[in-house]
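Colleague: mmCIF, N, CA and C atoms, file data-v9.cif:
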data_upload
loop_
_atom_site.label_atom_id
_atom_site.label_comp_id
_atom_site.auth_asym_id
_atom_site.auth_seq_id
_atom_site.Cartn_x
_atom_site.Cartn_y
_atom_site.Cartn_z
N MET K 1 23.95 -12.54 -15.82
CA MET K 1 23.73 -13.21 -14.55
C MET K 1 22.77 -14.39 -14.78
N ALA K 2 23.18 -15.56 -14.36
CA ALA K 2 22.38 -16.77 -14.55
C ALA K 2 21.19 -16.76 -13.57
N LYS K 3 20.05 -17.17 -14.09
CA LYS K 3 18.85 -17.23 -13.26
C LYS K 3 18.90 -18.48 -12.40
N LYS K 4 18.62 -18.33 -11.11
CA LYS K 4 18.64 -19.45 -10.18
C LYS K 4 17.42 -20.33 -10.41
N LYS K 5 17.62 -21.65 -10.38
CA LYS K 5 16.51 -22.58 -10.54
C LYS K 5 15.63 -22.56 -9.29
N ARG K 6 14.34 -22.61 -9.52
CA ARG K 6 13.38 -22.58 -8.43
C ARG K 6 13.30 -23.94 -7.77
N ASN K 7 13.35 -23.98 -6.45
CA ASN K 7 13.28 -25.23 -5.70
C ASN K 7 11.85 -25.41 -5.16
N TYR K 8 11.02 -26.07 -5.94
CA TYR K 8 9.62 -26.24 -5.57
C TYR K 8 9.46 -27.09 -4.31
N ARG K 9 10.30 -28.08 -4.15
CA ARG K 9 10.23 -28.95 -2.98
C ARG K 9 10.45 -28.14 -1.70
N LYS K 10 11.45 -27.26 -1.74
CA LYS K 10 11.76 -26.42 -0.57
C LYS K 10 10.60 -25.47 -0.29
N GLU K 11 10.02 -24.90 -1.34
CA GLU K 11 8.88 -24.00 -1.17
C GLU K 11 7.73 -24.73 -0.49
N TYR K 12 7.44 -25.94 -0.95
CA TYR K 12 6.35 -26.71 -0.37
C TYR K 12 6.63 -27.02 1.10
N ASP K 13 7.85 -27.47 1.38
CA ASP K 13 8.20 -27.81 2.77
C ASP K 13 8.15 -26.60 3.69
N ASN K 14 8.60 -25.45 3.19
CA ASN K 14 8.67 -24.25 4.03
C ASN K 14 7.36 -23.50 4.16
N TYR K 15 6.46 -23.63 3.19
CA TYR K 15 5.26 -22.82 3.23
C TYR K 15 3.99 -23.61 2.94
N GLN K 16 3.87 -24.14 1.75
CA GLN K 16 2.61 -24.75 1.32
C GLN K 16 2.25 -26.02 2.07
N GLY K 17 3.23 -26.71 2.59
CA GLY K 17 2.97 -27.97 3.28
C GLY K 17 2.59 -27.81 4.74
N LYS K 18 2.61 -26.59 5.25
CA LYS K 18 2.27 -26.36 6.66
C LYS K 18 0.77 -26.54 6.87
N LYS K 19 0.40 -27.01 8.06
CA LYS K 19 -1.01 -27.28 8.36
C LYS K 19 -1.91 -26.06 8.14
N LYS K 20 -1.44 -24.91 8.60
CA LYS K 20 -2.24 -23.68 8.48
C LYS K 20 -2.49 -23.36 7.01
N GLN K 21 -1.48 -23.49 6.17
CA GLN K 21 -1.64 -23.18 4.76
C GLN K 21 -2.54 -24.18 4.05
N LYS K 22 -2.46 -25.45 4.47
CA LYS K 22 -3.34 -26.46 3.89
C LYS K 22 -4.80 -26.14 4.21
N LYS K 23 -5.05 -25.69 5.45
CA LYS K 23 -6.42 -25.32 5.86
C LYS K 23 -6.90 -24.11 5.07
N ASN K 24 -6.02 -23.12 4.89
CA ASN K 24 -6.40 -21.92 4.12
C ASN K 24 -6.71 -22.29 2.67
N ARG K 25 -5.88 -23.15 2.09
CA ARG K 25 -6.11 -23.57 0.70
C ARG K 25 -7.43 -24.33 0.57
N ALA K 26 -7.71 -25.23 1.53
CA ALA K 26 -8.96 -25.98 1.52
C ALA K 26 -10.16 -25.03 1.64
N SER K 27 -10.01 -24.00 2.45
CA SER K 27 -11.07 -23.03 2.62
C SER K 27 -11.30 -22.21 1.35
N ARG K 28 -10.20 -21.83 0.67
CA ARG K 28 -10.33 -21.11 -0.60
C ARG K 28 -11.01 -22.00 -1.65
N ASN K 29 -10.65 -23.28 -1.66
CA ASN K 29 -11.28 -24.22 -2.59
C ASN K 29 -12.77 -24.37 -2.29
N ALA K 30 -13.11 -24.39 -1.01
CA ALA K 30 -14.52 -24.50 -0.61
C ALA K 30 -15.29 -23.25 -1.03
N SER K 31 -14.66 -22.09 -0.94
CA SER K 31 -15.30 -20.84 -1.37
C SER K 31 -15.58 -20.88 -2.86
N ARG K 32 -14.64 -21.40 -3.62
CA ARG K 32 -14.84 -21.53 -5.08
C ARG K 32 -16.01 -22.48 -5.36
N ALA K 33 -16.10 -23.55 -4.57
CA ALA K 33 -17.20 -24.50 -4.75
C ALA K 33 -18.55 -23.83 -4.48
N VAL K 34 -18.59 -22.95 -3.49
CA VAL K 34 -19.81 -22.20 -3.17
C VAL K 34 -20.22 -21.35 -4.38
N MET K 35 -19.24 -20.65 -4.97
CA MET K 35 -19.53 -19.79 -6.11
C MET K 35 -19.92 -20.61 -7.35
N LYS K 36 -19.33 -21.78 -7.52
CA LYS K 36 -19.69 -22.66 -8.64
C LYS K 36 -21.13 -23.14 -8.48
N LYS K 37 -21.50 -23.48 -7.25
CA LYS K 37 -22.85 -23.97 -6.98
C LYS K 37 -23.89 -22.89 -7.27
N LYS K 38 -23.52 -21.63 -7.02
CA LYS K 38 -24.43 -20.51 -7.30
C LYS K 38 -24.44 -20.13 -8.77
N GLY K 39 -23.54 -20.73 -9.56
CA GLY K 39 -23.48 -20.44 -10.98
C GLY K 39 -22.66 -19.21 -11.33
N LYS K 40 -21.91 -18.68 -10.38
CA LYS K 40 -21.12 -17.47 -10.62
C LYS K 40 -19.70 -17.77 -11.08
N ALA K 41 -19.27 -19.02 -10.93
CA ALA K 41 -17.93 -19.44 -11.37
C ALA K 41 -18.06 -20.77 -12.08
N SER K 42 -17.11 -21.04 -12.96
CA SER K 42 -17.11 -22.34 -13.63
C SER K 42 -15.66 -22.81 -13.78
N THR K 43 -15.49 -24.09 -13.97
CA THR K 43 -14.16 -24.67 -14.11
C THR K 43 -13.49 -24.10 -15.35
N GLY K 44 -12.27 -23.64 -15.19
CA GLY K 44 -11.49 -23.13 -16.31
C GLY K 44 -11.88 -21.75 -16.79
N ASP K 45 -12.59 -20.98 -15.97
CA ASP K 45 -13.02 -19.65 -16.40
C ASP K 45 -11.92 -18.58 -16.26
N GLY K 46 -10.79 -18.94 -15.63
CA GLY K 46 -9.68 -18.00 -15.49
C GLY K 46 -9.93 -16.90 -14.48
N LYS K 47 -10.89 -17.09 -13.59
CA LYS K 47 -11.23 -16.08 -12.58
C LYS K 47 -10.88 -16.60 -11.19
N ASP K 48 -10.76 -15.66 -10.26
CA ASP K 48 -10.52 -15.98 -8.85
C ASP K 48 -11.74 -15.60 -8.03
N VAL K 49 -11.90 -16.25 -6.89
CA VAL K 49 -12.92 -15.83 -5.92
C VAL K 49 -12.23 -14.87 -4.96
N HIS K 50 -12.71 -13.65 -4.94
CA HIS K 50 -12.13 -12.60 -4.10
C HIS K 50 -12.85 -12.58 -2.77
N HIS K 51 -12.09 -12.62 -1.66
CA HIS K 51 -12.65 -12.48 -0.32
C HIS K 51 -12.49 -11.01 0.05
N LYS K 52 -13.59 -10.30 0.15
CA LYS K 52 -13.54 -8.86 0.37
C LYS K 52 -12.80 -8.49 1.64
N ASP K 53 -12.93 -9.29 2.69
CA ASP K 53 -12.24 -8.97 3.95
C ASP K 53 -10.86 -9.62 4.05
N GLY K 54 -10.45 -10.36 3.03
CA GLY K 54 -9.13 -10.98 3.03
C GLY K 54 -9.02 -12.25 3.85
N ASN K 55 -10.11 -12.69 4.44
CA ASN K 55 -10.10 -13.89 5.28
C ASN K 55 -10.61 -15.08 4.46
N PRO K 56 -9.72 -16.03 4.10
CA PRO K 56 -10.15 -17.15 3.27
C PRO K 56 -11.14 -18.09 3.97
N LYS K 57 -11.29 -17.95 5.28
CA LYS K 57 -12.22 -18.82 6.01
C LYS K 57 -13.63 -18.25 6.07
N ASN K 58 -13.80 -17.00 5.66
CA ASN K 58 -15.12 -16.37 5.66
C ASN K 58 -15.79 -16.65 4.32
N ARG K 59 -16.74 -17.59 4.31
CA ARG K 59 -17.40 -18.00 3.06
C ARG K 59 -18.80 -17.41 2.91
N LYS K 60 -19.12 -16.37 3.66
CA LYS K 60 -20.43 -15.73 3.51
C LYS K 60 -20.53 -15.17 2.10
N SER K 61 -21.69 -15.32 1.47
CA SER K 61 -21.83 -14.84 0.09
C SER K 61 -21.64 -13.34 -0.02
N SER K 62 -21.91 -12.60 1.05
CA SER K 62 -21.69 -11.15 1.02
C SER K 62 -20.20 -10.81 0.99
N ASN K 63 -19.34 -11.76 1.33
CA ASN K 63 -17.90 -11.54 1.35
C ASN K 63 -17.21 -12.04 0.08
N LEU K 64 -17.92 -12.78 -0.76
CA LEU K 64 -17.31 -13.39 -1.95
C LEU K 64 -17.70 -12.66 -3.22
N LYS K 65 -16.74 -12.57 -4.14
CA LYS K 65 -16.96 -11.90 -5.42
C LYS K 65 -16.03 -12.52 -6.45
N ILE K 66 -16.49 -12.68 -7.68
CA ILE K 66 -15.64 -13.21 -8.75
C ILE K 66 -14.90 -12.05 -9.40
N THR K 67 -13.57 -12.17 -9.50
CA THR K 67 -12.75 -11.14 -10.15
C THR K 67 -11.71 -11.82 -11.05
N SER K 68 -11.07 -11.02 -11.88
CA SER K 68 -10.00 -11.56 -12.72
C SER K 68 -8.83 -11.92 -11.82
N LYS K 69 -8.01 -12.86 -12.26
CA LYS K 69 -6.84 -13.27 -11.47
C LYS K 69 -5.91 -12.09 -11.24
N SER K 70 -5.68 -11.30 -12.29
CA SER K 70 -4.72 -10.20 -12.16
C SER K 70 -5.21 -9.17 -11.15
N LYS K 71 -6.50 -8.89 -11.12
CA LYS K 71 -7.02 -7.91 -10.16
C LYS K 71 -6.99 -8.46 -8.74
N ASN K 72 -7.36 -9.72 -8.59
CA ASN K 72 -7.42 -10.31 -7.25
C ASN K 72 -6.03 -10.47 -6.63
N ARG K 73 -5.02 -10.64 -7.44
CA ARG K 73 -3.67 -10.89 -6.92
C ARG K 73 -2.79 -9.66 -6.92
N SER K 74 -3.36 -8.48 -7.17
CA SER K 74 -2.54 -7.28 -7.28
C SER K 74 -2.76 -6.27 -6.17
N PHE K 75 -3.37 -6.69 -5.06
CA PHE K 75 -3.57 -5.77 -3.95
C PHE K 75 -2.23 -5.41 -3.32
N LYS K 76 -2.10 -4.18 -2.88
CA LYS K 76 -0.90 -3.77 -2.15
C LYS K 76 -0.83 -4.58 -0.87
N ARG K 77 0.38 -4.96 -0.49
CA ARG K 77 0.58 -5.81 0.69
C ARG K 77 1.46 -5.11 1.72
N THR K 78 1.27 -5.49 2.96
CA THR K 78 2.16 -5.02 4.02
C THR K 78 3.39 -5.92 4.00
N LYS K 79 4.39 -5.61 4.82
CA LYS K 79 5.58 -6.45 4.83
C LYS K 79 5.31 -7.84 5.41
N ASN K 80 4.15 -8.03 6.06
CA ASN K 80 3.77 -9.35 6.56
C ASN K 80 2.83 -10.07 5.60
N ALA K 81 2.73 -9.56 4.36
CA ALA K 81 1.93 -10.15 3.29
C ALA K 81 0.43 -10.03 3.51
N ARG K 82 0.01 -9.16 4.39
CA ARG K 82 -1.41 -8.89 4.57
C ARG K 82 -1.84 -7.82 3.59
N LYS K 83 -3.13 -7.79 3.26
CA LYS K 83 -3.65 -6.73 2.38
C LYS K 83 -3.58 -5.41 3.11
N LYS K 84 -3.15 -4.38 2.40
CA LYS K 84 -3.14 -3.04 2.99
C LYS K 84 -4.57 -2.53 2.99
N THR K 85 -4.94 -1.94 4.12
CA THR K 85 -6.26 -1.33 4.23
C THR K 85 -6.08 0.17 4.44
N ALA K 86 -7.16 0.88 4.50
CA ALA K 86 -7.09 2.35 4.65
C ALA K 86 -6.30 2.75 5.89
N GLY K 87 -6.36 1.96 6.94
CA GLY K 87 -5.70 2.30 8.19
C GLY K 87 -4.26 1.84 8.29
N SER K 88 -3.78 1.00 7.34
CA SER K 88 -2.41 0.47 7.49
C SER K 88 -1.41 1.13 6.59
#
Just give me the structure as structure tokens.

Modeller:
Amino acid sequence: MAKKKRNYRKEYDNYQGKKKQKKNRASRNASRAVMKKKGKASTGDGKDVHHKDGNPKNRKSSNLKITSKSKNRSFKRTKNARKKTAGS
């Protein structure tokens, strides 16, 4: 079975290019800047900034933690792509 080519333009138009997603991405980038300023992250370190409550707009230092990319991106998800919590 031939593998289908990925359409990056369509992905951007359908998801990444939306205003809400641009704001979330900007907020995640700002969170990384906060951690870099504190000396907990550096450019090219291969780590992610983990938001403990799953809200990319919450930049409180008590909510931010540096984790490996694989750990940060491997949380169980609901069918709406939200993080599963104890109650869900």

Colleague: Quote the spacing between atom C of Lys65 in chain K and atom N of Gly46 in chain K in Å to one decimal place.

Modeller: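 Interatomic distance, atom C of Lys65 in chain K to atom N of Gly46 in chain K: 12.4 Å.
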
Colleague: Apply DSSP to the backbone of this structure and, from chain K, keep only the residues in alpha helix (DSSP H); write these as a PyMOL selection string.

Modeller: chain K and resi 8-11+19-37+69-72

Colleague: Keeping only N, CA and C atoms, write the selected residues to a file as a short mmCIF file (atom, residue, chain, number, x, y, z; two decimals), in the coordinates of the input.

Modeller:
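Wrote out.cif, looks like this:
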data_model
loop_
_atom_site.label_atom_id
_atom_site.label_comp_id
_atom_site.auth_asym_id
_atom_site.auth_seq_id
_atom_site.Cartn_x
_atom_site.Cartn_y
_atom_site.Cartn_z
N TYR K 8 11.02 -26.07 -5.94
CA TYR K 8 9.62 -26.24 -5.57
C TYR K 8 9.46 -27.09 -4.31
N ARG K 9 10.30 -28.08 -4.15
CA ARG K 9 10.23 -28.95 -2.98
C ARG K 9 10.45 -28.14 -1.70
N LYS K 10 11.45 -27.26 -1.74
CA LYS K 10 11.76 -26.42 -0.57
C LYS K 10 10.60 -25.47 -0.29
N GLU K 11 10.02 -24.90 -1.34
CA GLU K 11 8.88 -24.00 -1.17
C GLU K 11 7.73 -24.73 -0.49
N LYS K 19 0.40 -27.01 8.06
CA LYS K 19 -1.01 -27.28 8.36
C LYS K 19 -1.91 -26.06 8.14
N LYS K 20 -1.44 -24.91 8.60
CA LYS K 20 -2.24 -23.68 8.48
C LYS K 20 -2.49 -23.36 7.01
N GLN K 21 -1.48 -23.49 6.17
CA GLN K 21 -1.64 -23.18 4.76
C GLN K 21 -2.54 -24.18 4.05
N LYS K 22 -2.46 -25.45 4.47
CA LYS K 22 -3.34 -26.46 3.89
C LYS K 22 -4.80 -26.14 4.21
N LYS K 23 -5.05 -25.69 5.45
CA LYS K 23 -6.42 -25.32 5.86
C LYS K 23 -6.90 -24.11 5.07
N ASN K 24 -6.02 -23.12 4.89
CA ASN K 24 -6.40 -21.92 4.12
C ASN K 24 -6.71 -22.29 2.67
N ARG K 25 -5.88 -23.15 2.09
CA ARG K 25 -6.11 -23.57 0.70
C ARG K 25 -7.43 -24.33 0.57
N ALA K 26 -7.71 -25.23 1.53
CA ALA K 26 -8.96 -25.98 1.52
C ALA K 26 -10.16 -25.03 1.64
N SER K 27 -10.01 -24.00 2.45
CA SER K 27 -11.07 -23.03 2.62
C SER K 27 -11.30 -22.21 1.35
N ARG K 28 -10.20 -21.83 0.67
CA ARG K 28 -10.33 -21.11 -0.60
C ARG K 28 -11.01 -22.00 -1.65
N ASN K 29 -10.65 -23.28 -1.66
CA ASN K 29 -11.28 -24.22 -2.59
C ASN K 29 -12.77 -24.37 -2.29
N ALA K 30 -13.11 -24.39 -1.01
CA ALA K 30 -14.52 -24.50 -0.61
C ALA K 30 -15.29 -23.25 -1.03
N SER K 31 -14.66 -22.09 -0.94
CA SER K 31 -15.30 -20.84 -1.37
C SER K 31 -15.58 -20.88 -2.86
N ARG K 32 -14.64 -21.40 -3.62
CA ARG K 32 -14.84 -21.53 -5.08
C ARG K 32 -16.01 -22.48 -5.36
N ALA K 33 -16.10 -23.55 -4.57
CA ALA K 33 -17.20 -24.50 -4.75
C ALA K 33 -18.55 -23.83 -4.48
N VAL K 34 -18.59 -22.95 -3.49
CA VAL K 34 -19.81 -22.20 -3.17
C VAL K 34 -20.22 -21.35 -4.38
N MET K 35 -19.24 -20.65 -4.97
CA MET K 35 -19.53 -19.79 -6.11
C MET K 35 -19.92 -20.61 -7.35
N LYS K 36 -19.33 -21.78 -7.52
CA LYS K 36 -19.69 -22.66 -8.64
C LYS K 36 -21.13 -23.14 -8.48
N LYS K 37 -21.50 -23.48 -7.25
CA LYS K 37 -22.85 -23.97 -6.98
C LYS K 37 -23.89 -22.89 -7.27
N LYS K 69 -8.01 -12.86 -12.26
CA LYS K 69 -6.84 -13.27 -11.47
C LYS K 69 -5.91 -12.09 -11.24
N SER K 70 -5.68 -11.30 -12.29
CA SER K 70 -4.72 -10.20 -12.16
C SER K 70 -5.21 -9.17 -11.15
N LYS K 71 -6.50 -8.89 -11.12
CA LYS K 71 -7.02 -7.91 -10.16
C LYS K 71 -6.99 -8.46 -8.74
N ASN K 72 -7.36 -9.72 -8.59
CA ASN K 72 -7.42 -10.31 -7.25
C ASN K 72 -6.03 -10.47 -6.63
#

Colleague: Taking the chain letters and numbering used in this document, name the residues of chain K that DSSP puts in strand (DSSP E or B), as a ChimeraX atom specification.

Modeller: /K:47-51,64-68,77,83

Colleague: In Å, with one decimal, what is the gap from CA of Lys19 in chain K to CA of Asn63 in chain K?

Modeller: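 These atoms are spaced 24.1 Å apart.
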
Colleague: Take the PyMOL selection byres ((chain K and resi 27-41) around 8), apply it to the structure above, and return the hits as a ChimeraX atom specification.

Modeller: /K:21-26,42-45,47-49,55-60,64-66

Colleague: Mind dumping the selected residues with N, CA and C atoms as a compact mmCIF listing (two decimals), keeping the file's coordinate frame?

Modeller:
# COMPACT_ATOMS: atom_id res chain seq x y z
N GLN K 21 -1.48 -23.49 6.17
CA GLN K 21 -1.64 -23.18 4.76
C GLN K 21 -2.54 -24.18 4.05
N LYS K 22 -2.46 -25.45 4.47
CA LYS K 22 -3.34 -26.46 3.89
C LYS K 22 -4.80 -26.14 4.21
N LYS K 23 -5.05 -25.69 5.45
CA LYS K 23 -6.42 -25.32 5.86
C LYS K 23 -6.90 -24.11 5.07
N ASN K 24 -6.02 -23.12 4.89
CA ASN K 24 -6.40 -21.92 4.12
C ASN K 24 -6.71 -22.29 2.67
N ARG K 25 -5.88 -23.15 2.09
CA ARG K 25 -6.11 -23.57 0.70
C ARG K 25 -7.43 -24.33 0.57
N ALA K 26 -7.71 -25.23 1.53
CA ALA K 26 -8.96 -25.98 1.52
C ALA K 26 -10.16 -25.03 1.64
N SER K 42 -17.11 -21.04 -12.96
CA SER K 42 -17.11 -22.34 -13.63
C SER K 42 -15.66 -22.81 -13.78
N THR K 43 -15.49 -24.09 -13.97
CA THR K 43 -14.16 -24.67 -14.11
C THR K 43 -13.49 -24.10 -15.35
N GLY K 44 -12.27 -23.64 -15.19
CA GLY K 44 -11.49 -23.13 -16.31
C GLY K 44 -11.88 -21.75 -16.79
N ASP K 45 -12.59 -20.98 -15.97
CA ASP K 45 -13.02 -19.65 -16.40
C ASP K 45 -11.92 -18.58 -16.26
N LYS K 47 -10.89 -17.09 -13.59
CA LYS K 47 -11.23 -16.08 -12.58
C LYS K 47 -10.88 -16.60 -11.19
N ASP K 48 -10.76 -15.66 -10.26
CA ASP K 48 -10.52 -15.98 -8.85
C ASP K 48 -11.74 -15.60 -8.03
N VAL K 49 -11.90 -16.25 -6.89
CA VAL K 49 -12.92 -15.83 -5.92
C VAL K 49 -12.23 -14.87 -4.96
N ASN K 55 -10.11 -12.69 4.44
CA ASN K 55 -10.10 -13.89 5.28
C ASN K 55 -10.61 -15.08 4.46
N PRO K 56 -9.72 -16.03 4.10
CA PRO K 56 -10.15 -17.15 3.27
C PRO K 56 -11.14 -18.09 3.97
N LYS K 57 -11.29 -17.95 5.28
CA LYS K 57 -12.22 -18.82 6.01
C LYS K 57 -13.63 -18.25 6.07
N ASN K 58 -13.80 -17.00 5.66
CA ASN K 58 -15.12 -16.37 5.66
C ASN K 58 -15.79 -16.65 4.32
N ARG K 59 -16.74 -17.59 4.31
CA ARG K 59 -17.40 -18.00 3.06
C ARG K 59 -18.80 -17.41 2.91
N LYS K 60 -19.12 -16.37 3.66
CA LYS K 60 -20.43 -15.73 3.51
C LYS K 60 -20.53 -15.17 2.10
N LEU K 64 -17.92 -12.78 -0.76
CA LEU K 64 -17.31 -13.39 -1.95
C LEU K 64 -17.70 -12.66 -3.22
N LYS K 65 -16.74 -12.57 -4.14
CA LYS K 65 -16.96 -11.90 -5.42
C LYS K 65 -16.03 -12.52 -6.45
N ILE K 66 -16.49 -12.68 -7.68
CA ILE K 66 -15.64 -13.21 -8.75
C ILE K 66 -14.90 -12.05 -9.40
